[in-house]
file start.cif (mmCIF, C-alpha atoms)
data_data
loop_
_atom_site.group_PDB
_atom_site.id
_atom_site.type_symbol
_atom_site.label_atom_id
_atom_site.label_comp_id
_atom_site.auth_asym_id
_atom_site.auth_seq_id
_atom_site.Cartn_x
_atom_site.Cartn_y
_atom_site.Cartn_z
ATOM 1 C CA MET H 1063 138.451 17.604 94.188
ATOM 2 C CA GLY H 1064 136.102 14.709 94.813
ATOM 3 C CA LYS H 1065 133.414 13.278 92.523
ATOM 4 C CA LYS H 1066 131.019 16.217 92.944
ATOM 5 C CA LYS H 1067 133.765 18.842 92.505
ATOM 6 C CA ASN H 1068 132.496 20.728 95.563
ATOM 7 C CA THR H 1069 135.902 21.367 97.135
ATOM 8 C CA ARG H 1070 138.534 23.782 95.845
ATOM 9 C CA ILE H 1071 142.139 24.274 96.913
ATOM 10 C CA ILE H 1072 143.220 27.893 97.322
ATOM 11 C CA ILE H 1073 146.844 28.954 96.797
ATOM 12 C CA GLY H 1074 147.915 32.540 96.385
ATOM 13 C CA PHE H 1075 150.640 35.020 97.122
ATOM 14 C CA LYS H 1076 151.310 38.740 97.122
ATOM 15 C CA PHE H 1077 154.725 40.386 97.004
ATOM 16 C CA ASN H 1078 154.871 44.027 98.136
ATOM 17 C CA VAL H 1079 157.762 46.315 97.204
ATOM 18 C CA ALA H 1080 157.970 50.038 97.885
ATOM 19 C CA GLY H 1081 160.697 52.634 98.028
ATOM 20 C CA GLY H 1082 162.026 53.262 101.505
ATOM 21 C CA LYS H 1083 160.188 55.748 103.688
ATOM 22 C CA TRP H 1084 161.767 59.212 103.921
ATOM 23 C CA HIS H 1085 162.816 60.588 107.307
ATOM 24 C CA SER H 1086 164.841 63.404 108.861
ATOM 25 C CA PRO H 1087 168.036 63.330 110.928
ATOM 26 C CA ILE H 1088 167.755 63.885 114.662
ATOM 27 C CA ASP H 1089 168.476 67.161 116.418
ATOM 28 C CA GLN H 1090 170.327 65.624 119.363
ATOM 29 C CA LYS H 1091 170.259 68.673 121.647
ATOM 30 C CA GLU H 1092 166.554 69.402 121.121
ATOM 31 C CA SER H 1093 165.689 65.723 121.538
ATOM 32 C CA GLU H 1094 167.500 65.593 124.874
ATOM 33 C CA ARG H 1095 165.659 68.719 126.042
ATOM 34 C CA ALA H 1096 162.222 67.568 124.837
ATOM 35 C CA ARG H 1097 162.881 63.925 125.815
ATOM 36 C CA GLN H 1098 161.470 62.752 122.452
ATOM 37 C CA TYR H 1099 162.589 62.556 118.817
ATOM 38 C CA VAL H 1100 162.992 66.032 117.295
ATOM 39 C CA ASP H 1101 164.255 66.289 113.725
ATOM 40 C CA LEU H 1102 166.464 68.914 112.130
ATOM 41 C CA GLU H 1103 164.020 71.334 110.485
ATOM 42 C CA ASN H 1104 166.400 72.411 107.722
ATOM 43 C CA GLU H 1105 167.029 68.774 106.718
ATOM 44 C CA THR H 1106 163.446 67.471 106.590
ATOM 45 C CA ASN H 1107 163.099 64.207 104.640
ATOM 46 C CA THR H 1108 166.686 64.062 103.436
ATOM 47 C CA LEU H 1109 167.319 60.461 104.523
ATOM 48 C CA GLN H 1110 165.620 57.304 103.282
ATOM 49 C CA PHE H 1111 165.157 53.866 104.825
ATOM 50 C CA ASN H 1112 165.971 50.748 102.796
ATOM 51 C CA THR H 1113 163.424 49.406 100.312
ATOM 52 C CA TYR H 1114 160.282 47.897 101.871
ATOM 53 C CA HIS H 1115 159.498 44.346 100.763
ATOM 54 C CA ARG H 1116 157.251 41.600 102.077
ATOM 55 C CA LEU H 1117 155.791 38.287 100.876
ATOM 56 C CA ASP H 1118 152.305 37.153 101.894
ATOM 57 C CA ILE H 1119 151.119 33.592 101.175
ATOM 58 C CA ARG H 1120 147.603 32.115 101.403
ATOM 59 C CA LEU H 1121 146.894 28.366 101.570
ATOM 60 C CA GLY H 1122 143.459 26.884 102.071
ATOM 61 C CA PHE H 1123 140.411 25.214 100.660
ATOM 62 C CA LYS H 1124 136.788 25.994 99.932
ATOM 63 C CA LEU H 1125 134.049 23.494 100.712
ATOM 64 C CA ASN H 1126 130.721 24.043 98.924
ATOM 65 C CA ARG H 1127 127.582 22.524 100.434
ATOM 66 C CA PRO H 1128 123.975 22.972 99.234
ATOM 67 C CA LYS H 1129 123.069 25.673 101.803
ATOM 68 C CA VAL H 1130 126.422 26.851 103.099
ATOM 69 C CA HIS H 1131 129.992 27.422 101.853
ATOM 70 C CA HIS H 1132 133.043 27.083 104.111
ATOM 71 C CA HIS H 1133 136.414 28.701 103.421
ATOM 72 C CA PHE H 1134 139.317 27.495 105.548
ATOM 73 C CA TYR H 1135 142.663 29.150 104.995
ATOM 74 C CA ILE H 1136 145.890 30.291 106.588
ATOM 75 C CA ASP H 1137 147.547 33.582 105.676
ATOM 76 C CA LEU H 1138 151.294 33.760 106.234
ATOM 77 C CA LEU H 1139 151.951 37.492 106.390
ATOM 78 C CA ASN H 1140 155.572 38.537 105.909
ATOM 79 C CA ALA H 1141 156.458 34.905 105.236
ATOM 80 C CA TYR H 1142 160.232 35.392 105.365
ATOM 81 C CA ASN H 1143 160.077 37.647 108.461
ATOM 82 C CA GLN H 1144 161.545 40.794 106.873
ATOM 83 C CA LYS H 1145 162.114 43.550 109.473
ATOM 84 C CA ASN H 1146 161.186 46.656 107.459
ATOM 85 C CA PRO H 1147 162.039 49.967 109.182
ATOM 86 C CA LEU H 1148 158.998 52.002 110.227
ATOM 87 C CA ALA H 1149 160.230 54.986 112.243
ATOM 88 C CA LEU H 1150 162.957 56.336 114.485
ATOM 89 C CA SER H 1151 162.487 56.717 118.244
ATOM 90 C CA TYR H 1152 164.559 58.529 120.828
ATOM 91 C CA ILE H 1153 165.245 56.831 124.180
ATOM 92 C CA PRO H 1154 165.896 59.556 126.797
ATOM 93 C CA ALA H 1155 167.450 57.222 129.385
ATOM 94 C CA THR H 1156 170.241 56.085 127.066
ATOM 95 C CA LYS H 1157 170.178 59.107 124.694
ATOM 96 C CA GLU H 1158 170.107 56.829 121.690
ATOM 97 C CA VAL H 1159 167.994 56.659 118.564
ATOM 98 C CA VAL H 1160 166.509 53.271 117.689
ATOM 99 C CA THR H 1161 164.875 52.129 114.490
ATOM 100 C CA GLU H 1162 161.415 50.645 114.986
ATOM 101 C CA SER H 1163 160.356 47.999 112.501
ATOM 102 C CA ASN H 1164 157.063 46.711 111.163
ATOM 103 C CA LEU H 1165 155.496 43.520 112.421
ATOM 104 C CA GLY H 1166 157.473 40.394 111.564
ATOM 105 C CA PHE H 1167 156.023 37.029 110.542
ATOM 106 C CA LEU H 1168 152.328 36.685 111.378
ATOM 107 C CA PRO H 1169 150.249 33.541 110.678
ATOM 108 C CA LEU H 1170 146.490 34.110 110.565
ATOM 109 C CA PHE H 1171 143.993 31.245 110.613
ATOM 110 C CA ASN H 1172 140.609 31.992 109.062
ATOM 111 C CA TRP H 1173 137.267 30.261 108.697
ATOM 112 C CA LEU H 1174 134.665 32.015 106.590
ATOM 113 C CA VAL H 1175 131.082 30.747 106.416
ATOM 114 C CA GLU H 1176 128.685 31.952 103.685
ATOM 115 C CA PHE H 1177 124.963 31.194 103.825
#
call {"tool": "encode", "arguments": {"input": "start.cif", "output": "structure tokens"}}
result
Amino acid sequence: MGKKKNTRIIIGFKFNVAGGKWHSPIDQKESERARQYVDLENETNTLQFNTYHRLDIRLGFKLNRPKVHHHFYIDLLNAYNQKNPLALSYIPATKEVVTESNLGFLPLFNWLVEF
């Protein structure tokens, strides 16, 4: 961009896909006694969460000057706010098992200076 061509636009993306994480069913009686998630030992890793997927997008520009370079960009992590399952937790008060998920949409603003 510009007459001196010292500015560049940055556009990029990354799409992550992975098979769902394996986990074990809960041993309800032991979990109630221990007041935390306890899995069935004879059924270790027999269940699988849904497929993990996430889209990350980067938009920005690079400004080159004689003695310093500036990079300004925004990263949009998990751009479509996919709630991928991470783990199971046991809630003693309600005696229920809840699925915890990874972080949802996260915008990050960055400014990188190189001398």
call {"tool": "residues_around", "arguments": {"input": "start.cif", "residues": "Thr1106 in chain H", "least_positions_apart": "4", "cutoff": "9 Å", "atoms": "all atoms listed in the file", "output": "ChimeraX atom specification"}}
result
/H:1084-1087,1101-1102
call {"tool": "residues_around", "arguments": {"input": "start.cif", "residues": "Leu1165 in chain H", "least_positions_apart": "4", "cutoff": "9 Å", "atoms": "only C-alpha atoms", "output": "list in words"}}
result
Asn1140, Asn1143, Gln1144, Lys1145 and Asn1146 of chain H
call {"tool": "closest_residue", "arguments": {"input": "start.cif", "among": "H:Ser1151, H:His1131, H:Val1159, H:Ala1080", "to": "Leu1174 in chain H", "atoms": "only C-alpha atoms"}}
result
H:His1131
call {"tool": "residues_around", "arguments": {"input": "start.cif", "residues": "range 1110-1120 of chain H", "least_positions_apart": "5", "cutoff": "12 Å", "atoms": "all atoms listed in the file", "output": "MDAnalysis selection string"}}
result
chainID H and resid 1071:1087 1133:1150 1161:1172
call {"tool": "resolve_selection", "arguments": {"input": "start.cif", "expression": "the PyMOL selection byres ((chain H and resi 1094) around 10)", "output": "ChimeraX atom specification"}}
result
/H:1089-1093,1095-1100,1152-1155,1157-1158
call {"tool": "atom_distance", "arguments": {"input": "start.cif", "atom1": "CA of Lys1129 in chain H", "atom2": "CA of Arg1070 in chain H"}}
result
16.7 Å
